[in-house]
Structures are given as structure tokens and as C-alpha cells.
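Q: What follows is protein_5.txt; its format and atoms are compact mmCIF, C-alpha atoms.
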```txt
# COMPACT_ATOMS: atom_id res chain seq x y z
CA MET A 1 -90.72 -113.89 25.58
CA ARG A 2 -88.28 -114.06 22.69
CA ILE A 3 -90.95 -115.58 20.43
CA LEU A 4 -93.39 -112.80 21.36
CA LEU A 5 -90.77 -110.19 20.53
CA LEU A 6 -90.13 -111.79 17.15
CA ILE A 7 -93.87 -111.80 16.41
CA LEU A 8 -94.15 -108.11 17.32
CA LEU A 9 -91.18 -107.24 15.14
CA PHE A 10 -92.71 -109.21 12.26
CA VAL A 11 -96.07 -107.41 12.59
CA PHE A 12 -94.29 -104.05 12.85
CA SER A 13 -92.30 -104.74 9.68
CA ILE A 14 -95.51 -105.68 7.84
CA ASN A 15 -97.14 -102.38 8.90
CA ILE A 16 -94.08 -100.42 7.79
CA SER A 17 -94.10 -102.23 4.45
CA ALA A 18 -97.82 -101.53 4.00
CA GLN A 19 -97.27 -97.85 4.72
CA GLU A 20 -94.48 -97.74 2.14
CA ASP A 21 -96.65 -99.49 -0.45
CA LYS A 22 -99.48 -97.00 0.06
CA LYS A 23 -98.54 -94.20 -2.29
CA GLN A 24 -100.07 -90.77 -2.13
CA GLY A 25 -101.90 -89.60 -5.24
CA GLU A 26 -100.25 -86.94 -7.38
CA PHE A 27 -101.38 -83.32 -7.59
CA LEU A 28 -101.46 -82.16 -11.21
CA GLY A 29 -102.62 -79.13 -13.15
CA ALA A 30 -101.32 -76.30 -10.97
CA ARG A 31 -99.68 -73.57 -13.02
CA ILE A 32 -97.35 -70.96 -11.60
CA VAL A 33 -97.11 -67.48 -13.11
CA ASP A 34 -93.43 -66.57 -12.97
CA GLU A 35 -94.00 -62.85 -13.33
CA LEU A 36 -97.01 -60.56 -13.59
CA PRO A 37 -97.01 -57.96 -16.39
CA ASN A 38 -95.03 -54.82 -15.55
CA TRP A 39 -97.89 -52.57 -16.68
CA LEU A 40 -99.99 -53.47 -13.64
CA LYS A 41 -100.27 -50.53 -11.26
CA VAL A 42 -97.63 -50.31 -8.56
CA SER A 43 -99.93 -49.81 -5.60
CA PHE A 44 -99.16 -49.07 -1.96
CA MET A 45 -102.42 -50.91 -1.26
CA ASP A 46 -104.33 -47.82 -0.21
CA PHE A 47 -107.29 -48.20 -2.52
CA SER A 48 -108.71 -44.76 -1.69
CA GLU A 49 -105.51 -43.18 -3.05
CA ASP A 50 -105.56 -45.51 -6.05
CA LEU A 51 -109.16 -44.57 -6.70
CA LYS A 52 -108.41 -40.85 -6.60
CA GLU A 53 -105.44 -41.22 -8.95
CA ALA A 54 -107.49 -43.29 -11.40
CA THR A 55 -110.39 -40.82 -11.31
CA ASP A 56 -108.05 -37.87 -11.92
CA GLU A 57 -106.74 -39.67 -15.01
CA GLY A 58 -110.23 -40.61 -16.24
CA LYS A 59 -109.67 -44.30 -15.52
CA HIS A 60 -111.45 -47.07 -13.65
CA ILE A 61 -109.95 -49.31 -11.00
CA MET A 62 -109.80 -53.02 -11.80
CA ILE A 63 -108.90 -55.30 -8.87
CA TYR A 64 -107.59 -58.71 -9.87
CA PHE A 65 -107.76 -61.46 -7.20
CA HIS A 66 -105.49 -64.45 -7.82
CA GLN A 67 -103.73 -67.28 -5.99
CA ASP A 68 -100.56 -69.28 -6.51
CA GLY A 69 -100.93 -72.39 -8.64
CA CYS A 70 -104.29 -71.36 -10.10
CA PRO A 71 -104.43 -72.57 -13.74
CA TYR A 72 -107.29 -70.18 -14.57
CA CYS A 73 -105.21 -67.26 -13.31
CA ALA A 74 -102.29 -68.46 -15.38
CA LYS A 75 -104.52 -68.59 -18.46
CA LEU A 76 -105.72 -65.03 -17.79
CA VAL A 77 -102.16 -63.74 -17.46
CA GLU A 78 -100.65 -65.74 -20.32
CA ASP A 79 -103.51 -65.22 -22.79
CA ASN A 80 -105.57 -62.14 -21.91
CA PHE A 81 -102.80 -60.07 -20.31
CA HIS A 82 -100.56 -60.69 -23.32
CA ASP A 83 -103.13 -59.95 -26.01
CA GLU A 84 -101.85 -56.77 -27.65
CA ASN A 85 -105.23 -55.11 -28.27
CA LEU A 86 -106.62 -56.06 -24.87
CA VAL A 87 -103.54 -54.78 -23.09
CA ALA A 88 -103.81 -51.49 -24.98
CA LYS A 89 -107.33 -51.00 -23.61
CA LEU A 90 -106.26 -51.92 -20.10
CA LYS A 91 -103.33 -49.48 -20.13
CA LYS A 92 -105.44 -46.68 -21.56
CA ASP A 93 -108.56 -46.84 -19.41
CA PHE A 94 -107.76 -48.89 -16.28
CA ASP A 95 -105.47 -49.08 -13.30
CA VAL A 96 -105.15 -52.80 -12.67
CA ILE A 97 -104.26 -53.77 -9.10
CA GLU A 98 -103.45 -57.37 -8.18
CA THR A 99 -104.11 -58.94 -4.81
CA ASN A 100 -103.40 -62.47 -3.62
CA MET A 101 -106.50 -63.95 -1.98
CA TRP A 102 -104.26 -65.72 0.56
CA GLY A 103 -101.73 -62.89 0.87
CA ASP A 104 -100.64 -61.16 4.07
CA ARG A 105 -99.93 -57.68 2.72
CA GLU A 106 -101.86 -55.00 4.55
CA LEU A 107 -104.27 -52.84 2.59
CA THR A 108 -106.84 -50.12 3.12
CA ASP A 109 -110.03 -50.24 1.10
CA TRP A 110 -111.80 -47.25 -0.45
CA GLN A 111 -113.88 -46.82 2.73
CA GLY A 112 -110.86 -46.60 5.00
CA ASN A 113 -111.12 -50.12 6.44
CA ASN A 114 -107.88 -52.02 7.08
CA TYR A 115 -107.37 -55.65 6.08
CA THR A 116 -104.77 -58.14 5.05
CA GLU A 117 -105.20 -59.41 1.50
CA LYS A 118 -106.79 -62.64 2.69
CA GLU A 119 -109.10 -60.79 5.07
CA PHE A 120 -110.14 -58.45 2.26
CA SER A 121 -110.77 -61.42 -0.07
CA ALA A 122 -112.97 -63.03 2.58
CA HIS A 123 -114.78 -59.71 3.13
CA MET A 124 -115.47 -59.47 -0.61
CA LYS A 125 -116.62 -63.12 -0.62
CA VAL A 126 -114.13 -64.18 -3.28
CA GLN A 127 -114.84 -67.85 -4.05
CA PHE A 128 -113.00 -68.28 -7.33
CA THR A 129 -109.78 -67.10 -8.90
CA PRO A 130 -109.42 -65.12 -10.97
CA THR A 131 -112.08 -62.75 -9.66
CA ILE A 132 -112.17 -59.24 -11.10
CA LEU A 133 -113.90 -56.19 -9.60
CA PHE A 134 -114.44 -52.94 -11.47
CA LEU A 135 -114.94 -49.77 -9.41
CA ASP A 136 -116.38 -46.41 -10.43
CA SER A 137 -115.05 -43.07 -9.17
CA GLN A 138 -117.06 -43.38 -5.94
CA GLY A 139 -115.74 -46.84 -5.13
CA LYS A 140 -118.95 -48.56 -6.14
CA ASN A 141 -118.51 -52.05 -7.52
CA VAL A 142 -120.09 -51.73 -10.97
CA LEU A 143 -119.21 -55.23 -12.18
CA ARG A 144 -117.81 -58.47 -10.82
CA LEU A 145 -116.49 -61.36 -12.89
CA ASN A 146 -116.13 -64.67 -11.04
CA GLY A 147 -113.64 -66.86 -12.89
CA TYR A 148 -111.86 -66.85 -16.22
CA GLN A 149 -113.44 -65.01 -19.16
CA SER A 150 -112.29 -65.22 -22.77
CA ILE A 151 -110.34 -62.50 -24.56
CA GLU A 152 -113.39 -61.68 -26.69
CA LYS A 153 -115.56 -61.39 -23.58
CA MET A 154 -112.96 -59.21 -21.86
CA HIS A 155 -112.92 -56.81 -24.81
CA ALA A 156 -116.68 -56.34 -24.51
CA THR A 157 -116.39 -55.97 -20.74
CA LEU A 158 -113.70 -53.29 -20.91
CA ASP A 159 -115.77 -51.33 -23.45
CA TYR A 160 -118.82 -51.57 -21.17
CA ILE A 161 -116.85 -50.15 -18.24
CA SER A 162 -114.70 -47.55 -19.98
CA ASN A 163 -117.70 -46.11 -21.88
CA LYS A 164 -119.68 -46.06 -18.60
CA ASP A 165 -122.52 -48.03 -20.17
CA TYR A 166 -123.23 -49.32 -16.66
CA LEU A 167 -124.94 -45.98 -16.01
CA ASN A 168 -127.62 -46.81 -18.58
CA GLN A 169 -127.98 -50.58 -18.73
CA SER A 170 -127.07 -53.77 -16.95
CA TYR A 171 -124.12 -55.87 -18.05
CA ALA A 172 -126.42 -58.70 -19.15
CA SER A 173 -128.47 -56.35 -21.32
CA TYR A 174 -125.31 -54.88 -22.82
CA ILE A 175 -123.85 -58.29 -23.70
CA ASN A 176 -127.19 -59.38 -25.18
CA THR A 177 -127.22 -56.39 -27.52
CA LEU A 178 -123.91 -57.58 -28.97
CA LYS A 179 -125.29 -60.99 -29.90
CA LYS A 180 -126.21 -60.96 -33.58
CA ASP A 181 -128.10 -64.24 -33.93
CA LYS A 182 -130.50 -64.97 -31.07
CA SER A 183 -132.49 -67.60 -32.93
CA GLY A 184 -132.19 -71.35 -32.67
CA ALA A 185 -132.64 -73.96 -29.97
CA LEU A 186 -130.73 -74.89 -26.84
CA ASN A 187 -128.85 -78.17 -26.62
CA ALA A 188 -131.32 -80.98 -25.97
CA HIS A 189 -130.98 -83.06 -22.81
CA ALA A 190 -133.38 -85.26 -20.85
CA ILE A 191 -132.12 -84.18 -17.41
CA PHE A 192 -134.12 -80.93 -17.41
CA GLU A 193 -137.63 -80.70 -15.96
CA LYS A 194 -140.29 -79.40 -18.27
CA GLY A 195 -142.01 -76.10 -17.48
CA PRO A 196 -143.87 -74.19 -16.30
CA HIS A 197 -141.31 -73.70 -13.54
CA MET A 198 -142.65 -72.79 -10.10
CA LEU A 199 -139.53 -73.03 -7.99
CA THR A 200 -140.77 -71.62 -4.68
CA ARG A 201 -139.06 -73.12 -1.63
CA ASN A 202 -138.51 -71.69 1.84
CA MET A 203 -138.09 -72.56 5.52
CA GLN A 204 -141.80 -73.25 5.89
CA MET A 205 -142.01 -75.30 2.68
CA PRO A 206 -138.54 -76.76 2.01
CA ALA A 207 -137.95 -78.80 -1.12
CA ASN A 208 -136.80 -82.41 -1.14
CA LYS A 209 -133.77 -81.73 -3.32
CA TYR A 210 -131.19 -79.08 -4.04
CA LEU A 211 -131.95 -76.99 -7.12
CA ALA A 212 -129.63 -76.46 -10.10
CA VAL A 213 -130.73 -73.68 -12.47
CA PHE A 214 -129.03 -73.56 -15.88
CA PHE A 215 -128.98 -70.36 -17.95
CA GLU A 216 -127.97 -70.71 -21.59
CA GLU A 217 -128.59 -69.14 -24.99
CA PRO A 218 -128.83 -70.33 -28.61
CA ASN A 219 -125.78 -70.22 -30.89
CA CYS A 220 -123.44 -70.26 -27.90
CA GLN A 221 -120.04 -71.85 -28.49
CA GLU A 222 -119.29 -72.09 -24.78
CA CYS A 223 -122.65 -73.85 -24.25
CA ASP A 224 -121.91 -76.29 -27.07
CA ASN A 225 -118.49 -77.06 -25.59
CA PHE A 226 -120.09 -77.74 -22.21
CA TYR A 227 -122.50 -80.28 -23.73
CA GLN A 228 -119.72 -81.94 -25.71
CA THR A 229 -117.18 -82.24 -22.89
CA LEU A 230 -118.68 -81.94 -19.39
CA MET A 231 -122.38 -82.77 -19.60
CA PRO A 232 -121.89 -86.37 -20.88
CA LEU A 233 -119.53 -87.31 -18.02
CA GLU A 234 -120.84 -89.98 -15.67
CA GLU A 235 -119.93 -87.91 -12.61
CA THR A 236 -121.78 -84.86 -13.96
CA GLN A 237 -124.92 -86.90 -14.58
CA SER A 238 -124.68 -88.68 -11.24
CA HIS A 239 -124.57 -85.39 -9.33
CA LEU A 240 -127.35 -83.75 -11.33
CA LYS A 241 -129.67 -86.72 -10.89
CA LYS A 242 -129.64 -86.02 -7.15
CA MET A 243 -130.97 -82.49 -7.75
CA GLN A 244 -133.98 -80.76 -9.23
CA VAL A 245 -132.59 -79.48 -12.53
CA VAL A 246 -134.20 -76.77 -14.68
CA ARG A 247 -132.98 -74.72 -17.60
CA PHE A 248 -133.81 -71.35 -19.13
CA ASN A 249 -132.93 -69.48 -22.26
CA ALA A 250 -131.37 -66.36 -20.73
CA LEU A 251 -132.61 -64.29 -23.69
CA SER A 252 -136.23 -65.38 -23.41
CA ASP A 253 -139.38 -64.02 -21.80
CA GLU A 254 -140.36 -67.42 -20.42
CA LYS A 255 -142.37 -66.89 -17.26
CA LEU A 256 -141.35 -68.51 -13.98
CA ILE A 257 -141.54 -68.23 -10.21
CA THR A 258 -138.15 -67.97 -8.48
CA PRO A 259 -137.20 -69.85 -5.28
CA SER A 260 -138.09 -66.71 -3.31
CA GLY A 261 -141.58 -66.76 -4.82
CA LYS A 262 -141.12 -63.84 -7.21
CA ARG A 263 -142.88 -63.89 -10.60
CA THR A 264 -140.47 -62.92 -13.38
CA THR A 265 -139.05 -63.99 -16.73
CA ALA A 266 -135.91 -65.94 -17.57
CA LYS A 267 -134.24 -62.87 -19.08
CA ASP A 268 -135.03 -60.67 -16.10
CA TRP A 269 -133.98 -63.29 -13.54
CA TYR A 270 -130.62 -63.78 -15.27
CA ASP A 271 -130.17 -60.01 -15.12
CA GLU A 272 -131.30 -59.76 -11.49
CA LEU A 273 -128.85 -62.48 -10.44
CA LYS A 274 -126.06 -60.41 -12.04
CA LEU A 275 -124.77 -63.37 -13.99
CA SER A 276 -122.08 -62.73 -16.56
CA TYR A 277 -121.51 -65.99 -18.44
CA LYS A 278 -123.35 -68.67 -20.35
CA PRO A 279 -123.79 -71.46 -19.57
CA ALA A 280 -124.25 -70.39 -15.96
CA ILE A 281 -125.49 -72.72 -13.22
CA VAL A 282 -126.87 -71.40 -9.94
CA PHE A 283 -127.31 -73.84 -7.06
CA PHE A 284 -129.94 -73.30 -4.37
CA ASP A 285 -130.45 -75.17 -1.10
CA LYS A 286 -133.72 -76.78 -0.04
CA ASN A 287 -134.90 -73.52 1.55
CA GLY A 288 -134.26 -71.41 -1.57
CA THR A 289 -130.98 -69.77 -0.55
CA GLU A 290 -128.24 -69.60 -3.17
CA VAL A 291 -125.31 -71.85 -2.27
CA ILE A 292 -122.85 -71.16 -5.07
CA ARG A 293 -122.78 -70.47 -8.80
CA LYS A 294 -120.82 -71.52 -11.86
CA ASP A 295 -120.57 -68.28 -13.78
CA ALA A 296 -117.39 -68.68 -15.81
CA TYR A 297 -115.27 -71.16 -17.73
CA PHE A 298 -114.51 -74.21 -15.56
CA LYS A 299 -113.14 -77.62 -16.31
CA GLN A 300 -114.12 -80.99 -14.84
CA PHE A 301 -112.48 -80.86 -11.40
CA HIS A 302 -113.92 -77.50 -10.42
CA LEU A 303 -117.37 -78.14 -11.89
CA HIS A 304 -117.74 -81.39 -9.97
CA SER A 305 -116.33 -79.79 -6.83
CA ILE A 306 -119.01 -77.08 -7.04
CA MET A 307 -121.62 -79.83 -7.23
CA THR A 308 -120.24 -81.88 -4.32
CA TYR A 309 -119.79 -78.72 -2.26
CA THR A 310 -123.54 -78.25 -2.61
CA LEU A 311 -124.77 -81.85 -2.35
CA SER A 312 -122.60 -82.75 0.64
CA GLY A 313 -123.73 -79.72 2.60
CA ALA A 314 -120.07 -78.73 3.06
CA TYR A 315 -121.01 -75.09 2.48
CA LYS A 316 -122.76 -75.12 5.88
CA THR A 317 -119.48 -75.55 7.76
CA GLN A 318 -116.91 -74.31 5.22
CA PRO A 319 -117.94 -70.96 3.71
CA ASN A 320 -114.80 -70.72 1.59
CA PHE A 321 -115.03 -72.85 -1.56
CA GLN A 322 -111.27 -72.68 -2.20
CA ARG A 323 -110.57 -74.18 1.22
CA TYR A 324 -113.12 -76.87 0.48
CA ILE A 325 -111.47 -77.98 -2.76
CA GLU A 326 -108.04 -77.84 -1.13
CA HIS A 327 -109.20 -80.25 1.59
CA LYS A 328 -111.07 -82.37 -0.94
CA ALA A 329 -107.92 -82.75 -3.05
CA ASP A 330 -105.81 -83.63 0.01
CA ASP A 331 -108.30 -86.29 1.14
CA LEU A 332 -108.39 -87.92 -2.29
CA ARG A 333 -104.60 -87.91 -2.59
CA GLU A 334 -104.29 -89.56 0.83
CA LYS A 335 -106.38 -92.38 -0.64
CA GLY A 336 -103.91 -92.73 -3.50
CA ILE A 337 -106.07 -90.91 -6.05
CA THR A 338 -104.31 -88.54 -8.44
CA ILE A 339 -105.91 -85.10 -8.76
CA ASP A 340 -105.68 -82.94 -11.86
CA ILE A 341 -107.22 -79.52 -11.27
CA TRP A 342 -106.77 -78.57 -14.93
CA LYS A 343 -108.68 -81.53 -16.28
```
Output the file's structure in the form of C-alpha cells.
A:
Amino acid sequence: MRILLLILLFVFSINISAQEDKKQGEFLGARIVDELPNWLKVSFMDFSEDLKEATDEGKHIMIYFHQDGCPYCAKLVEDNFHDENLVAKLKKDFDVIETNMWGDRELTDWQGNNYTEKEFSAHMKVQFTPTILFLDSQGKNVLRLNGYQSIEKMHATLDYISNKDYLNQSYASYINTLKKDKSGALNAHAIFEKGPHMLTRNMQMPANKYLAVFFEEPNCQECDNFYQTLMPLEETQSHLKKMQVVRFNALSDEKLITPSGKRTTAKDWYDELKLSYKPAIVFFDKNGTEVIRKDAYFKQFHLHSIMTYTLSGAYKTQPNFQRYIEHKADDLREKGITIDIWK
């Protein structure tokens, strides 16, 4: 009996030692914003009142969704919200209201519906932070930006909204008019299928693979950066090789058939999808339904998470992408893998 007890104690001590040796991976890259700018509107979270006040002053409402630890939010606050000329435009023509996508503050939207911040974020289908919504005087969402946008891009965006150009043309058309040199070629890469592109897929005729649709343009610094930093990565290529991958010049009149079976052009489809960034990637399932999109500046961790969210089918059971990457990071750290969300 004594020998058996000694053996059990020995095995127990080995298990304890193994547990101690198994170290959890680190979590890196989170950035905390100590304090939001004091020029943001002090709101009682009744958006109908905020909307009336903004309209009376000839301003637009800008709702800024963020979350704690988000490095892209920190970049927006530290760079964009501290750029002197950009801040001058924001103060002059906008009432900027912040809301935490996981917050518990109660709010009332412009239609009189009551939510907590996190319920409102879910209702608005916020998948990325920062997300920015611009509202007109009637509470109509005239533009949505999903993810971080550069200072230069934000200048153009604020002009588009404050001048009410949205009454006359789409955001994509407006941004295209600002591009001086539309000539040149897109970055070459063998991963893309050659046209003509007939992308029809539906419940009756499902495709064999998920679909990744790239939208780019010539003379695009952001596109060049993507091909220099993210496209060559082994993980990027591994994920894309499991999909049907096509690419369009978002400025072109190249003819195509969309997953829903509609005949259109690359330029018109980019516009119809209400995309706001290049390079953009839109992911569709095997039945032709959009799963998620990359429509802003993202680094490695988030780009690859968007791809695995699609390929794994996780979107079918977890509709919130932020929850998905949170669980993904926790699972990897439990295996001893260090995660850097700003890599």
C-alpha cells in the first residue's frame, strides 16, 4: 500500500511539473488609449437629440466605434485625431460621438430604439474597430468606414460628407475623381485566375471553393505595400490556394458576372458593394453569400484571421468576428504560441 502511495505521489508530482513547464503564449500588440480627445461631443447617448443639435448647427454626426486594446483605434486617435488640419475639419463640420462596441452604457438611436452599446454595435453589424458611421440630418447612414483609414483618406472623406457630395455621387466615384494617374498595371501575381470571370454560385449550383475577390487600382501605394509585406507570406499563400481567387481593377470597365449572377463591370461592382479602400478583398461562401470583407488597412494577424474565419466555416456559428479572433488568440496562447495582434 505504501509503495502504491509513493507511485501515485511520484506521478502526481510529474503532472504538476509538466503543467508548470507548459507556459502560456504571450499576448502582444494591444494598445490602450489613455484619454480620448476633449473635443469629442459630450453625448447623453440619445442620438435623436444629438442629430437635431448637429443639424441645427449645420453639422453631420460621426459615430466612432472602438474597443479597449485595439491598436487600429489607437492609431486613429494618436495620428488622425491629433492631426491639426484634420481636427479642424472635424470640429467645424462634425459632432463626433464615441461608443465602445463592448460597452454597457444605455443609448437611444435616432429611431427611438433602446440598446446598450454592445447591443447597438451588434445591431449595426460592427465587425471591426475602428468603424465609423456618418449620418445625414434624417439619420440615414450615408457612409460607413470599416477599419483604419489614413489621414489623407480621412481628409477626402470629411470633404465628401461636409460638402454633401453623397447627394450627387457615390463615395467610390468621388474618390476615383481625386486620383490623378489612373494608368499603369496592377501588381503581377500567379495566384489570380484569368478572365473572363463568371462567378455565379448559388444553393442550386454551389461552388467547390470559397471565393476571394480582390479589388485594386494602378499607382496605389497601399496596394504596393500589401504585395511587399503580406502577399508573399507563406500563410497568406496557403490560405488563398484553398480558395478561388480573382482580381479586378476597381477603375476598369472589365465585364464580369457576380456570384449572384448579375452582369456588370469591375468599377460598378466595386461601387455597388460600397467598398471604400484598395486593396479590398471580399470573401464569398460556396453559395455566393458574402462572408466578410477586408476593406481597410490590416496587418498580418487580422488579415489571416479573416481568411481562417472564412475557410474554417467559423462564421456559421460565430457571427461576431471580434469574438472569433478573441477565442482564436486564447486557443493559440493555451498551446504556448505568442500572439501579436499588431504584427
Q: Using only C-alpha atoms, can you tell me which of A:Asn141, A:Gln149, A:Asn249, A:Gln237 comes closest to Ser183 of chain A?
A: A:Asn249
Q: Which one is closest to Thr99 of chain A: A:Ser43, A:Gln127, A:Thr157, A:Asn113? Count all atoms listed in the file.
A: A:Ser43
Q: Find the residue from A:Gly69, A:Pro279, A:Gly195, A:Pro37 that sits nearest to Ala250 of chain A; use only C-alpha atoms when measuring.
A: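 Checking each of A:Gly69, A:Pro279, A:Gly195, A:Pro37 against Ala250 of chain A, counting only C-alpha atoms, the winner is A:Pro279.
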Q: Trp342 of chain A: which residues within 12 Å, counting all atoms listed in the file, same-chain residues fewer than 3 positions away excluded, as a PyMOL selection string?
A: chain A and resi 27-31+69-75+297-303+339
Q: Given all atoms listed in the file as the basis, pick out the residue of A:Leu36, A:Ser137, A:Thr129, A:Met124 nearest to Glu57 of chain A.
A: A:Ser137
Q: For each of A:Thr265, A:Asn80, A:Asn168, A:Thr236, take the minimum atom-to-atom distance to Phe215 of chain A, counting all atoms listed in the file, then give the residue where this is smallest.
A: A:Thr265
Q: Which of these, A:Leu76, A:Ala54, A:Ala172, A:Met154, has the shortest distance to Ile32 of chain A once you count all atoms listed in the file?
A: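 Under the stated criterion, the closest residue is A:Leu76.
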Q: What is the atom CA of Glu152 of chain A to atom CA of Gln322 of chain A distance in Å?
A: 26.9 Å
Q: May I ask for the distance between atom CA of Glu117 of chain A and atom CA of Ile161 of chain A, given in Å to one decimal place?
A: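 About the pair atom CA of Glu117 of chain A and atom CA of Ile161 of chain A: they are 24.7 Å apart.
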Q: Would you list the contacts of Thr108 of chain A as a PDB file with C-alpha atoms, in the frame of the given file, taking every protein, DNA or RNA residue within 6 Å and counting only C-alpha atoms, but skipping same-chain residues closer than 5 positions in sequence?
A:
```pdb
ATOM      1  CA  ASP A  46    -104.330 -47.820  -0.210  1.00  0.00           C
ATOM      2  CA  PHE A  47    -107.290 -48.200  -2.520  1.00  0.00           C
ATOM      3  CA  ASN A 113    -111.120 -50.120   6.440  1.00  0.00           C
ATOM      4  CA  ASN A 114    -107.880 -52.020   7.080  1.00  0.00           C
TER       5      ASN A 114
END
```
Q: List the spatial neighbours of segment 332-336 of chain A as a ChimeraX atom specification - criterion: any atom at most 6 Å away, all atoms listed in the file, same-chain residues fewer than 3 positions off excluded.
A: /A:23-25,329
Q: What separation in Å, quoted to one decimal, exists between atom CA of Glu326 of chain A and atom CA of Ile341 of chain A?
A: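 Atom CA of Ile341 of chain A lies at a distance of 10.3 Å from atom CA of Glu326 of chain A.
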Q: Once 6 Å is added on each side, what centre and edge lengths in Å to one decimal does the axis-aligned box around all listed atoms of segment 258-264 of chain A have, as JSON?
A:
```
{"center_x": -140.0, "center_y": -66.4, "center_z": -8.3, "size_x": 17.7, "size_y": 18.9, "size_z": 22.1}
```
Q: Residues within 12 Å of segment 216-218 of chain A, please, as a PDB file with C-alpha atoms, in the coordinates of the input. Count all atoms listed in the file; anything in the same chain fewer than 3 positions from it doesn't count.
A:
```pdb
ATOM      1  CA  ILE A 175    -123.850 -58.290 -23.700  1.00  0.00           C
ATOM      2  CA  ASN A 176    -127.190 -59.380 -25.180  1.00  0.00           C
ATOM      3  CA  LYS A 179    -125.290 -60.990 -29.900  1.00  0.00           C
ATOM      4  CA  LYS A 180    -126.210 -60.960 -33.580  1.00  0.00           C
ATOM      5  CA  ASP A 181    -128.100 -64.240 -33.930  1.00  0.00           C
ATOM      6  CA  LYS A 182    -130.500 -64.970 -31.070  1.00  0.00           C
ATOM      7  CA  SER A 183    -132.490 -67.600 -32.930  1.00  0.00           C
ATOM      8  CA  GLY A 184    -132.190 -71.350 -32.670  1.00  0.00           C
ATOM      9  CA  ALA A 185    -132.640 -73.960 -29.970  1.00  0.00           C
ATOM     10  CA  LEU A 186    -130.730 -74.890 -26.840  1.00  0.00           C
ATOM     11  CA  ASN A 187    -128.850 -78.170 -26.620  1.00  0.00           C
ATOM     12  CA  ALA A 188    -131.320 -80.980 -25.970  1.00  0.00           C
ATOM     13  CA  VAL A 213    -130.730 -73.680 -12.470  1.00  0.00           C
ATOM     14  CA  GLN A 221    -120.040 -71.850 -28.490  1.00  0.00           C
ATOM     15  CA  GLU A 222    -119.290 -72.090 -24.780  1.00  0.00           C
ATOM     16  CA  CYS A 223    -122.650 -73.850 -24.250  1.00  0.00           C
ATOM     17  CA  ASP A 224    -121.910 -76.290 -27.070  1.00  0.00           C
ATOM     18  CA  PHE A 226    -120.090 -77.740 -22.210  1.00  0.00           C
ATOM     19  CA  TYR A 227    -122.500 -80.280 -23.730  1.00  0.00           C
ATOM     20  CA  VAL A 246    -134.200 -76.770 -14.680  1.00  0.00           C
ATOM     21  CA  ARG A 247    -132.980 -74.720 -17.600  1.00  0.00           C
ATOM     22  CA  PHE A 248    -133.810 -71.350 -19.130  1.00  0.00           C
ATOM     23  CA  ASN A 249    -132.930 -69.480 -22.260  1.00  0.00           C
ATOM     24  CA  ALA A 250    -131.370 -66.360 -20.730  1.00  0.00           C
ATOM     25  CA  LEU A 251    -132.610 -64.290 -23.690  1.00  0.00           C
ATOM     26  CA  SER A 252    -136.230 -65.380 -23.410  1.00  0.00           C
ATOM     27  CA  ALA A 266    -135.910 -65.940 -17.570  1.00  0.00           C
ATOM     28  CA  LYS A 267    -134.240 -62.870 -19.080  1.00  0.00           C
ATOM     29  CA  TYR A 270    -130.620 -63.780 -15.270  1.00  0.00           C
ATOM     30  CA  LEU A 275    -124.770 -63.370 -13.990  1.00  0.00           C
ATOM     31  CA  SER A 276    -122.080 -62.730 -16.560  1.00  0.00           C
ATOM     32  CA  TYR A 277    -121.510 -65.990 -18.440  1.00  0.00           C
ATOM     33  CA  LYS A 278    -123.350 -68.670 -20.350  1.00  0.00           C
ATOM     34  CA  PRO A 279    -123.790 -71.460 -19.570  1.00  0.00           C
ATOM     35  CA  ALA A 280    -124.250 -70.390 -15.960  1.00  0.00           C
ATOM     36  CA  ILE A 281    -125.490 -72.720 -13.220  1.00  0.00           C
ATOM     37  CA  VAL A 282    -126.870 -71.400  -9.940  1.00  0.00           C
ATOM     38  CA  ASP A 295    -120.570 -68.280 -13.780  1.00  0.00           C
TER      39      ASP A 295
END
```
Q: Tell me which protein, DNA and RNA residues are within 9 Å of Gly58 of chain A, counting only C-alpha atoms, leaving out same-chain ones fewer than 5 positions away, and put them as a PyMOL selection string.
A: chain A and resi 53+93-94+137
